[in-house]
Amino acid sequence: MHRKLTVRDLRAGNRARVLRALYFDRPRSRQELAGTTGLSQASVSNVVGELISDGLVVEAGQVESDGGRPRVLLRVNPAFAAVVGVDVGETHVLVEVFDLTLRRLAEATLPMEPDAYSVDEVARRVLDGLDRCLRESGVGDVLGVGIGVPGAVEHGLVHAQTVGWRGVALERLLRDGTDLPLFLDNGANTLGQAEAWFGAGRGTADAVIALIGSGVGAGVIAGGVLYRGSSGGAGEWGHTTVALDGRPCRCGARGCLEAYIGASGVVDRYRAVRSDVPAEQEAALAALVADRSPVAAEVLAETARYAGLGIANLINLFNPSRVIVGGWAGLLLGARILDDVRAEASRHALHRPFEQASITLCELGPESVALGAATLPVAEFLAVGGVRRRTATRVP
């Protein structure tokens with residue numbers, strides 16, 4: 001039985017509609033908001049009056065009106081509150097503080113030793129980076145901390161088989177060091193939300209954002225909603241099998257896509273044919289992309305073949321209008337091999353779904369996992385009409 005909507009529910013819904021219109025579009029007048037939201041002029045005026053009184057909306061100048069008084073433009077107040085985004089990568093933890101409109105105010109990068117990837121060390125670095133960034137930015141009011149992690153998040157526990165995490169209590173460890181609201185989600189999902197809000201996925205309801213870094217994953221947006229699966233584990237694209245009895249993968253299986261297009265797999269393949277490859281993974285991959293030798297071309301061609309095969313599988317499974325390739329390794333490799341990836345995908349995908357899908361690079365750069373994580377507290381804040389919540393929060 002459905003709960004009957006109250007006047008309070010309707011007010012919150014109206015606030016949410018007005019807030020979203022102001023957040024995602026250019027500054028708008030009250031008249032424009034009425035047309036965008038479908039609310040009456042009186043309802044818009046009431047909501048805007050509340051939001052201005054709360055300090056959440058401010059005036060942003062005026063625009064001339066045909067034959068009447070100039071119209072006052074409105075926008076979300078960037079200084080209303082700050083948000084934090086965290087990228088728990090496999091070689092570092094990146095912490096960034098943003099204003100409410102997601103303009104970066106401070107950042108800190110804390111290296112991680114890949115062979116000593118303990119949840120305690122990760123929690124310590126997250127809390128250290130949070131303290132540093134909050135001091136540097138000088139913000140006093142924080143809406144929440146979004147955290148992009150490897151693996152799936154279920155009831156505050158993180159399951160990331162490739163780094164040896166089986167239901168680790170990252171949220172509880174962080175709760176010992178901060179009382180700020182926490183929002184945990186898979187890093188590919190946070191990347192996907194960032195691109196959907198501000199980047200190459202904006203304006204489409206069906207897209208797949210492919211994250212290629214040390215690990216490989218995908219954020220699937222279907223009907224405008226991020227698809228998570230029954231327990232938050234959807235999108236483990238890197239652990240789909242592309243070669244029976246193929247290369248060993250960190251997850252314990254063989255032939256996973258990650259073993260062929262993840263940074264470690266590509267760099268290992270490069271080191272097998274060249275002896276002067278830099279020791280650091282990112283430097284090694286950059287050297288491969290810049291290398292014009294025949295052996296480098298062979299490694300890149302093989303990578304493009306498997307990436308194209310993997311993307312064709314995504315196209316056949318989800319019929320997206322866009323496949324967006326990101327992650328630090330994906331952006332590095334994509335600059336050199338994206339045309340070859342498209343050509344390979346066309347050979348494996350069904351013709352009609354392939355014709356309907358574009359394959360592009362992310363627009364927001366390699367740090368967009370943290371930016372996307374910062375959207376998690378903002379998304380909840382907008383959904384409830386700008387009402388503050390002071391409790392810890394998990395993404396379902």
# chains A, B, ... in the order shown; residues from 1 in each chain; ligands from 1
$ closest_atom_pairs --of "range 174-271 of chain A" --to "range 148-153 of chain A" --cutoff "6 Å" --atoms "only C-alpha atoms" --output "JSON lines"
{"residue": "A:Asp185", "atom": "CA", "partner": "A:Gly148", "partner_atom": "CA", "distance": 5.2}
{"residue": "A:Asn186", "atom": "CA", "partner": "A:Val149", "partner_atom": "CA", "distance": 4.9}
{"residue": "A:Gly187", "atom": "CA", "partner": "A:Gly148", "partner_atom": "CA", "distance": 4.1}
{"residue": "A:Gly232", "atom": "CA", "partner": "A:Ala152", "partner_atom": "CA", "distance": 5.6}
{"residue": "A:Gly233", "atom": "CA", "partner": "A:Ala152", "partner_atom": "CA", "distance": 4.8}
$ select_by_dssp --residues "range 268-385 of chain A" --states "strand (DSSP E)" --output "VMD selection string"
chain A and resid 322 to 326 358 to 361
$ select_by_dssp --residues "range 255-314 of chain A" --states "helix (DSSP H, G or I)" --output "PyMOL selection string"
chain A and resi 258-261+263-271+281-290+294-314
$ residues_around --residues "Glu136 in chain A" --least-positions-apart "3" --cutoff "8 Å" --atoms "only C-alpha atoms" --output "list in words"
Ala106, Arg132 and Cys133 of chain A
$ closest_residue --among "A:Gly310, A:Gly156, A:Pro111, A:Gly334" --to "Ser231 in chain A" --atoms "only C-alpha atoms"
A:Gly156
$ atom_distance --atom1 "CA of Glu236 in chain A" --atom2 "CA of Leu300 in chain A"
23.0 Å
$ closest_residue --among "A:Leu338, A:Gly235, A:Ser358, A:Thr101" --to "Leu317 in chain A" --atoms "only C-alpha atoms"
A:Gly235
$ atom_distance --atom1 "CA of Val145 in chain A" --atom2 "CA of Phe183 in chain A"
6.1 Å
$ atom_distance --atom1 "CA of Ala290 in chain A" --atom2 "CA of Pro278 in chain A"
12.7 Å
$ residues_around --residues "range 57-64 of chain A" --least-positions-apart "6" --cutoff "6 Å" --atoms "only C-alpha atoms" --output "NGL selection string"
:A and (51 or 70-77)
$ closest_residue --among "A:Val267, A:Leu331, A:Leu22, A:Leu157" --to "Glu367 in chain A" --atoms "only C-alpha atoms"
A:Leu331
$ closest_residue --among "A:Ser214, A:Ala169, A:His159, A:Arg30" --to "Trp328 in chain A" --atoms "only C-alpha atoms"
A:Ser214
$ residues_around --residues "Ala329 in chain A" --least-positions-apart "4" --cutoff "10 Å" --atoms "only C-alpha atoms" --output "mmCIF file with all heavy atoms, in the first residue's frame"
data_model
loop_
_atom_site.group_PDB
_atom_site.id
_atom_site.type_symbol
_atom_site.label_atom_id
_atom_site.label_comp_id
_atom_site.auth_asym_id
_atom_site.auth_seq_id
_atom_site.Cartn_x
_atom_site.Cartn_y
_atom_site.Cartn_z
ATOM 1 N N LEU A 211 36.050 2.245 -17.512
ATOM 2 C CA LEU A 211 37.213 2.717 -16.756
ATOM 3 C C LEU A 211 38.360 1.736 -16.959
ATOM 4 O O LEU A 211 38.244 0.552 -16.644
ATOM 5 C CB LEU A 211 36.873 2.838 -15.272
ATOM 6 C CG LEU A 211 37.939 3.449 -14.361
ATOM 7 C CD1 LEU A 211 37.270 4.095 -13.136
ATOM 8 C CD2 LEU A 211 38.975 2.439 -13.882
ATOM 9 N N ILE A 212 39.465 2.260 -17.491
ATOM 10 C CA ILE A 212 40.658 1.434 -17.693
ATOM 11 C C ILE A 212 41.816 2.080 -16.945
ATOM 12 O O ILE A 212 42.276 3.172 -17.300
ATOM 13 C CB ILE A 212 41.005 1.291 -19.189
ATOM 14 C CG1 ILE A 212 39.811 0.743 -19.963
ATOM 15 C CG2 ILE A 212 42.222 0.371 -19.365
ATOM 16 C CD1 ILE A 212 40.021 0.703 -21.471
ATOM 17 N N GLY A 213 42.242 1.441 -15.896
ATOM 18 C CA GLY A 213 43.382 1.897 -15.113
ATOM 19 C C GLY A 213 44.209 0.682 -14.756
ATOM 20 O O GLY A 213 44.433 -0.192 -15.591
ATOM 21 N N SER A 214 44.652 0.603 -13.506
ATOM 22 C CA SER A 214 45.284 -0.639 -13.063
ATOM 23 C C SER A 214 44.274 -1.769 -13.138
ATOM 24 O O SER A 214 44.590 -2.897 -13.504
ATOM 25 C CB SER A 214 45.802 -0.487 -11.632
ATOM 26 O OG SER A 214 46.766 0.544 -11.567
ATOM 27 N N GLY A 215 43.028 -1.462 -12.784
ATOM 28 C CA GLY A 215 41.922 -2.385 -12.969
ATOM 29 C C GLY A 215 41.036 -1.916 -14.101
ATOM 30 O O GLY A 215 41.234 -0.838 -14.664
ATOM 31 N N VAL A 216 40.028 -2.703 -14.422
ATOM 32 C CA VAL A 216 39.116 -2.399 -15.526
ATOM 33 C C VAL A 216 37.686 -2.621 -15.042
ATOM 34 O O VAL A 216 37.378 -3.675 -14.471
ATOM 35 C CB VAL A 216 39.404 -3.290 -16.750
ATOM 36 C CG1 VAL A 216 38.365 -3.070 -17.843
ATOM 37 C CG2 VAL A 216 40.813 -3.010 -17.299
ATOM 38 N N ILE A 261 43.904 -5.627 -21.202
ATOM 39 C CA ILE A 261 43.865 -4.181 -21.459
ATOM 40 C C ILE A 261 44.084 -3.340 -20.203
ATOM 41 O O ILE A 261 44.218 -2.124 -20.294
ATOM 42 C CB ILE A 261 42.542 -3.748 -22.126
ATOM 43 C CG1 ILE A 261 41.356 -3.875 -21.167
ATOM 44 C CG2 ILE A 261 42.298 -4.553 -23.395
ATOM 45 C CD1 ILE A 261 40.078 -3.235 -21.708
ATOM 46 N N GLY A 262 44.119 -3.956 -19.019
ATOM 47 C CA GLY A 262 44.476 -3.214 -17.816
ATOM 48 C C GLY A 262 45.927 -2.776 -17.885
ATOM 49 O O GLY A 262 46.753 -3.379 -18.584
ATOM 50 N N ALA A 263 46.271 -1.722 -17.159
ATOM 51 C CA ALA A 263 47.620 -1.151 -17.252
ATOM 52 C C ALA A 263 48.700 -2.186 -16.972
ATOM 53 O O ALA A 263 49.706 -2.259 -17.685
ATOM 54 C CB ALA A 263 47.741 0.022 -16.290
ATOM 55 N N SER A 264 48.495 -3.016 -15.950
ATOM 56 C CA SER A 264 49.522 -4.009 -15.601
ATOM 57 C C SER A 264 49.743 -4.997 -16.742
ATOM 58 O O SER A 264 50.882 -5.321 -17.092
ATOM 59 C CB SER A 264 49.121 -4.763 -14.331
ATOM 60 O OG SER A 264 49.068 -3.895 -13.233
ATOM 61 N N VAL A 266 49.099 -4.631 -19.973
ATOM 62 C CA VAL A 266 49.706 -3.994 -21.149
ATOM 63 C C VAL A 266 51.185 -3.720 -20.907
ATOM 64 O O VAL A 266 52.033 -3.980 -21.769
ATOM 65 C CB VAL A 266 48.958 -2.694 -21.496
ATOM 66 C CG1 VAL A 266 49.647 -1.974 -22.658
ATOM 67 C CG2 VAL A 266 47.501 -2.981 -21.857
ATOM 68 N N GLN A 281 54.541 2.336 -13.354
ATOM 69 C CA GLN A 281 53.537 1.862 -14.310
ATOM 70 C C GLN A 281 53.038 2.957 -15.255
ATOM 71 O O GLN A 281 52.952 2.750 -16.469
ATOM 72 C CB GLN A 281 52.361 1.255 -13.546
ATOM 73 C CG GLN A 281 51.419 0.432 -14.397
ATOM 74 C CD GLN A 281 50.340 -0.220 -13.559
ATOM 75 O OE1 GLN A 281 49.360 0.403 -13.182
ATOM 76 N NE2 GLN A 281 50.534 -1.488 -13.241
ATOM 77 N N GLU A 282 52.724 4.113 -14.717
ATOM 78 C CA GLU A 282 52.192 5.179 -15.566
ATOM 79 C C GLU A 282 53.252 5.664 -16.544
ATOM 80 O O GLU A 282 52.966 5.931 -17.718
ATOM 81 C CB GLU A 282 51.681 6.336 -14.712
ATOM 82 C CG GLU A 282 50.904 7.363 -15.517
ATOM 83 C CD GLU A 282 50.089 8.299 -14.652
ATOM 84 O OE1 GLU A 282 49.954 8.040 -13.440
ATOM 85 O OE2 GLU A 282 49.582 9.303 -15.194
ATOM 86 N N LEU A 285 53.556 3.103 -19.348
ATOM 87 C CA LEU A 285 52.479 3.163 -20.335
ATOM 88 C C LEU A 285 52.630 4.395 -21.229
ATOM 89 O O LEU A 285 52.386 4.325 -22.441
ATOM 90 C CB LEU A 285 51.128 3.185 -19.626
ATOM 91 C CG LEU A 285 49.938 2.734 -20.474
ATOM 92 C CD1 LEU A 285 50.099 1.279 -20.906
ATOM 93 C CD2 LEU A 285 48.638 2.897 -19.701
ATOM 94 N N ALA A 286 53.056 5.514 -20.643
ATOM 95 C CA ALA A 286 53.297 6.718 -21.441
ATOM 96 C C ALA A 286 54.416 6.476 -22.450
ATOM 97 O O ALA A 286 54.348 6.936 -23.604
ATOM 98 C CB ALA A 286 53.638 7.888 -20.527
ATOM 99 N N VAL A 325 35.222 5.961 -22.931
ATOM 100 C CA VAL A 325 36.420 5.322 -22.376
ATOM 101 C C VAL A 325 37.175 6.323 -21.509
ATOM 102 O O VAL A 325 37.509 7.425 -21.948
ATOM 103 C CB VAL A 325 37.340 4.811 -23.501
ATOM 104 C CG1 VAL A 325 38.604 4.174 -22.907
ATOM 105 C CG2 VAL A 325 36.598 3.811 -24.384
ATOM 106 N N LEU A 333 46.021 5.404 -23.508
ATOM 107 C CA LEU A 333 45.965 4.485 -24.645
ATOM 108 C C LEU A 333 45.028 5.000 -25.732
ATOM 109 O O LEU A 333 45.333 4.907 -26.931
ATOM 110 C CB LEU A 333 45.492 3.108 -24.181
ATOM 111 C CG LEU A 333 46.471 2.316 -23.312
ATOM 112 C CD1 LEU A 333 45.751 1.166 -22.619
ATOM 113 C CD2 LEU A 333 47.629 1.790 -24.163
ATOM 114 N N GLY A 334 43.905 5.561 -25.307
ATOM 115 C CA GLY A 334 42.919 6.017 -26.275
ATOM 116 C C GLY A 334 43.438 7.076 -27.212
ATOM 117 O O GLY A 334 43.027 7.153 -28.381
ATOM 118 N N PRO A 366 41.714 12.267 -16.013
ATOM 119 C CA PRO A 366 41.972 11.073 -15.196
ATOM 120 C C PRO A 366 41.525 11.199 -13.742
ATOM 121 O O PRO A 366 41.479 10.202 -13.029
ATOM 122 C CB PRO A 366 43.499 10.913 -15.290
ATOM 123 C CG PRO A 366 44.013 12.278 -15.618
ATOM 124 C CD PRO A 366 42.957 12.922 -16.467
#
$ closest_residue --among "A:Ala123, A:Ala207, A:Val142, A:Val323" --to "Arg175 in chain A" --atoms "only C-alpha atoms"
A:Ala123
$ residues_around --residues "Glu298 in chain A" --least-positions-apart "3" --cutoff "12 Å" --atoms "only C-alpha atoms" --output "short mmCIF file (atom, residue, chain, number, x, y, z; two decimals) with all heavy atoms, in the first residue's frame"
data_model
loop_
_atom_site.label_atom_id
_atom_site.label_comp_id
_atom_site.auth_asym_id
_atom_site.auth_seq_id
_atom_site.Cartn_x
_atom_site.Cartn_y
_atom_site.Cartn_z
N VAL A 266 49.10 -4.63 -19.97
CA VAL A 266 49.71 -3.99 -21.15
C VAL A 266 51.19 -3.72 -20.91
O VAL A 266 52.03 -3.98 -21.77
CB VAL A 266 48.96 -2.69 -21.50
CG1 VAL A 266 49.65 -1.97 -22.66
CG2 VAL A 266 47.50 -2.98 -21.86
N ARG A 269 53.26 -6.89 -21.05
CA ARG A 269 53.45 -7.29 -22.45
C ARG A 269 54.54 -6.45 -23.11
O ARG A 269 55.36 -6.97 -23.88
CB ARG A 269 52.11 -7.12 -23.19
CG ARG A 269 52.17 -7.45 -24.67
CD ARG A 269 52.13 -8.94 -24.92
NE ARG A 269 52.06 -9.20 -26.35
CZ ARG A 269 53.12 -9.29 -27.16
NH1 ARG A 269 54.35 -9.15 -26.67
NH2 ARG A 269 52.97 -9.54 -28.45
N TYR A 270 54.58 -5.16 -22.80
CA TYR A 270 55.60 -4.25 -23.34
C TYR A 270 56.99 -4.63 -22.82
O TYR A 270 57.97 -4.66 -23.57
CB TYR A 270 55.24 -2.82 -22.96
CG TYR A 270 56.08 -1.73 -23.58
CD1 TYR A 270 56.52 -1.81 -24.90
CD2 TYR A 270 56.39 -0.58 -22.86
CE1 TYR A 270 57.28 -0.79 -25.47
CE2 TYR A 270 57.13 0.45 -23.41
CZ TYR A 270 57.57 0.33 -24.72
OH TYR A 270 58.31 1.36 -25.28
N ALA A 272 57.98 -7.46 -21.99
CA ALA A 272 58.41 -8.73 -22.58
C ALA A 272 59.13 -8.53 -23.91
O ALA A 272 59.87 -9.43 -24.34
CB ALA A 272 57.19 -9.64 -22.78
N VAL A 273 58.94 -7.37 -24.55
CA VAL A 273 59.57 -7.15 -25.86
C VAL A 273 60.59 -6.01 -25.83
O VAL A 273 61.29 -5.79 -26.82
CB VAL A 273 58.51 -6.85 -26.94
CG1 VAL A 273 57.63 -8.08 -27.16
CG2 VAL A 273 57.66 -5.64 -26.59
N ARG A 274 60.68 -5.28 -24.71
CA ARG A 274 61.67 -4.21 -24.57
C ARG A 274 62.28 -4.28 -23.19
O ARG A 274 61.60 -4.54 -22.19
CB ARG A 274 61.04 -2.83 -24.77
CG ARG A 274 60.70 -2.52 -26.20
CD ARG A 274 60.60 -1.02 -26.42
NE ARG A 274 61.89 -0.41 -26.40
CZ ARG A 274 62.33 0.40 -27.37
NH1 ARG A 274 61.58 0.68 -28.41
NH2 ARG A 274 63.51 0.94 -27.30
N LEU A 288 55.19 3.59 -23.81
CA LEU A 288 54.63 2.74 -24.86
C LEU A 288 53.85 3.56 -25.87
O LEU A 288 54.00 3.39 -27.09
CB LEU A 288 53.72 1.68 -24.23
CG LEU A 288 52.84 0.88 -25.19
CD1 LEU A 288 53.69 0.07 -26.16
CD2 LEU A 288 51.88 -0.03 -24.42
N VAL A 289 53.01 4.46 -25.38
CA VAL A 289 52.19 5.28 -26.28
C VAL A 289 53.06 6.17 -27.17
O VAL A 289 52.74 6.41 -28.34
CB VAL A 289 51.20 6.12 -25.45
CG1 VAL A 289 50.49 7.14 -26.33
CG2 VAL A 289 50.18 5.21 -24.77
N ASP A 291 56.18 5.43 -28.08
CA ASP A 291 57.13 4.59 -28.82
C ASP A 291 56.58 4.30 -30.22
O ASP A 291 55.47 3.78 -30.37
CB ASP A 291 57.33 3.29 -28.04
CG ASP A 291 58.48 2.44 -28.58
OD1 ASP A 291 58.90 2.68 -29.72
OD2 ASP A 291 58.92 1.54 -27.84
N ARG A 292 57.35 4.62 -31.24
CA ARG A 292 56.92 4.39 -32.63
C ARG A 292 57.60 3.17 -33.26
O ARG A 292 57.56 2.98 -34.48
CB ARG A 292 57.23 5.63 -33.48
CG ARG A 292 56.51 6.87 -33.00
CD ARG A 292 55.01 6.78 -33.20
NE ARG A 292 54.27 7.81 -32.47
CZ ARG A 292 52.97 8.02 -32.58
NH1 ARG A 292 52.26 7.27 -33.39
NH2 ARG A 292 52.37 8.95 -31.86
N SER A 293 58.18 2.32 -32.42
CA SER A 293 58.87 1.14 -32.93
C SER A 293 57.86 0.05 -33.32
O SER A 293 56.72 0.04 -32.84
CB SER A 293 59.83 0.59 -31.87
OG SER A 293 59.10 0.03 -30.79
N PRO A 294 58.29 -0.90 -34.16
CA PRO A 294 57.39 -2.00 -34.54
C PRO A 294 56.94 -2.85 -33.36
O PRO A 294 55.79 -3.31 -33.33
CB PRO A 294 58.23 -2.82 -35.52
CG PRO A 294 59.21 -1.85 -36.08
CD PRO A 294 59.53 -0.91 -34.96
N VAL A 295 57.80 -3.05 -32.36
CA VAL A 295 57.40 -3.89 -31.23
C VAL A 295 56.33 -3.20 -30.40
O VAL A 295 55.39 -3.84 -29.91
CB VAL A 295 58.62 -4.28 -30.36
CG1 VAL A 295 59.55 -5.20 -31.11
CG2 VAL A 295 59.35 -3.06 -29.83
N ALA A 301 48.56 -2.78 -30.93
CA ALA A 301 47.56 -3.41 -31.82
C ALA A 301 46.84 -4.53 -31.07
O ALA A 301 45.61 -4.69 -31.20
CB ALA A 301 48.24 -3.94 -33.07
N GLU A 302 47.58 -5.31 -30.30
CA GLU A 302 46.94 -6.38 -29.53
C GLU A 302 45.99 -5.80 -28.49
O GLU A 302 44.87 -6.30 -28.30
CB GLU A 302 48.00 -7.22 -28.84
CG GLU A 302 47.40 -8.36 -28.01
CD GLU A 302 48.46 -9.11 -27.24
OE1 GLU A 302 48.99 -8.55 -26.26
OE2 GLU A 302 48.73 -10.27 -27.60
N THR A 303 46.43 -4.72 -27.83
CA THR A 303 45.58 -4.06 -26.83
C THR A 303 44.30 -3.55 -27.49
O THR A 303 43.19 -3.70 -26.94
CB THR A 303 46.34 -2.90 -26.16
OG1 THR A 303 47.56 -3.40 -25.60
CG2 THR A 303 45.50 -2.27 -25.07
N ALA A 304 44.43 -2.95 -28.66
CA ALA A 304 43.25 -2.43 -29.37
C ALA A 304 42.30 -3.55 -29.75
O ALA A 304 41.07 -3.38 -29.69
CB ALA A 304 43.70 -1.66 -30.62
N ARG A 305 42.84 -4.70 -30.14
CA ARG A 305 41.97 -5.82 -30.51
C ARG A 305 41.12 -6.27 -29.33
O ARG A 305 39.91 -6.47 -29.46
CB ARG A 305 42.81 -6.99 -31.03
CG ARG A 305 43.36 -6.77 -32.45
CD ARG A 305 43.82 -8.08 -33.06
NE ARG A 305 44.91 -8.68 -32.32
CZ ARG A 305 46.20 -8.41 -32.53
NH1 ARG A 305 46.55 -7.51 -33.44
NH2 ARG A 305 47.14 -9.01 -31.85
N ILE A 337 45.13 4.69 -29.83
CA ILE A 337 44.55 3.51 -30.47
C ILE A 337 43.03 3.56 -30.62
O ILE A 337 42.42 2.57 -31.04
CB ILE A 337 44.93 2.22 -29.70
CG1 ILE A 337 44.30 2.22 -28.29
CG2 ILE A 337 46.44 2.05 -29.64
CD1 ILE A 337 44.49 0.89 -27.55
#
$ residues_around --residues "Thr91 in chain A" --least-positions-apart "2" --cutoff "10 Å" --atoms "only C-alpha atoms" --output "list in words"
Val88, Gly89, Val93, Leu94, Leu110, Pro111, Met112, Glu113, Pro114, Asp115, Tyr117, Ser214, Gln281 and Glu282 of chain A
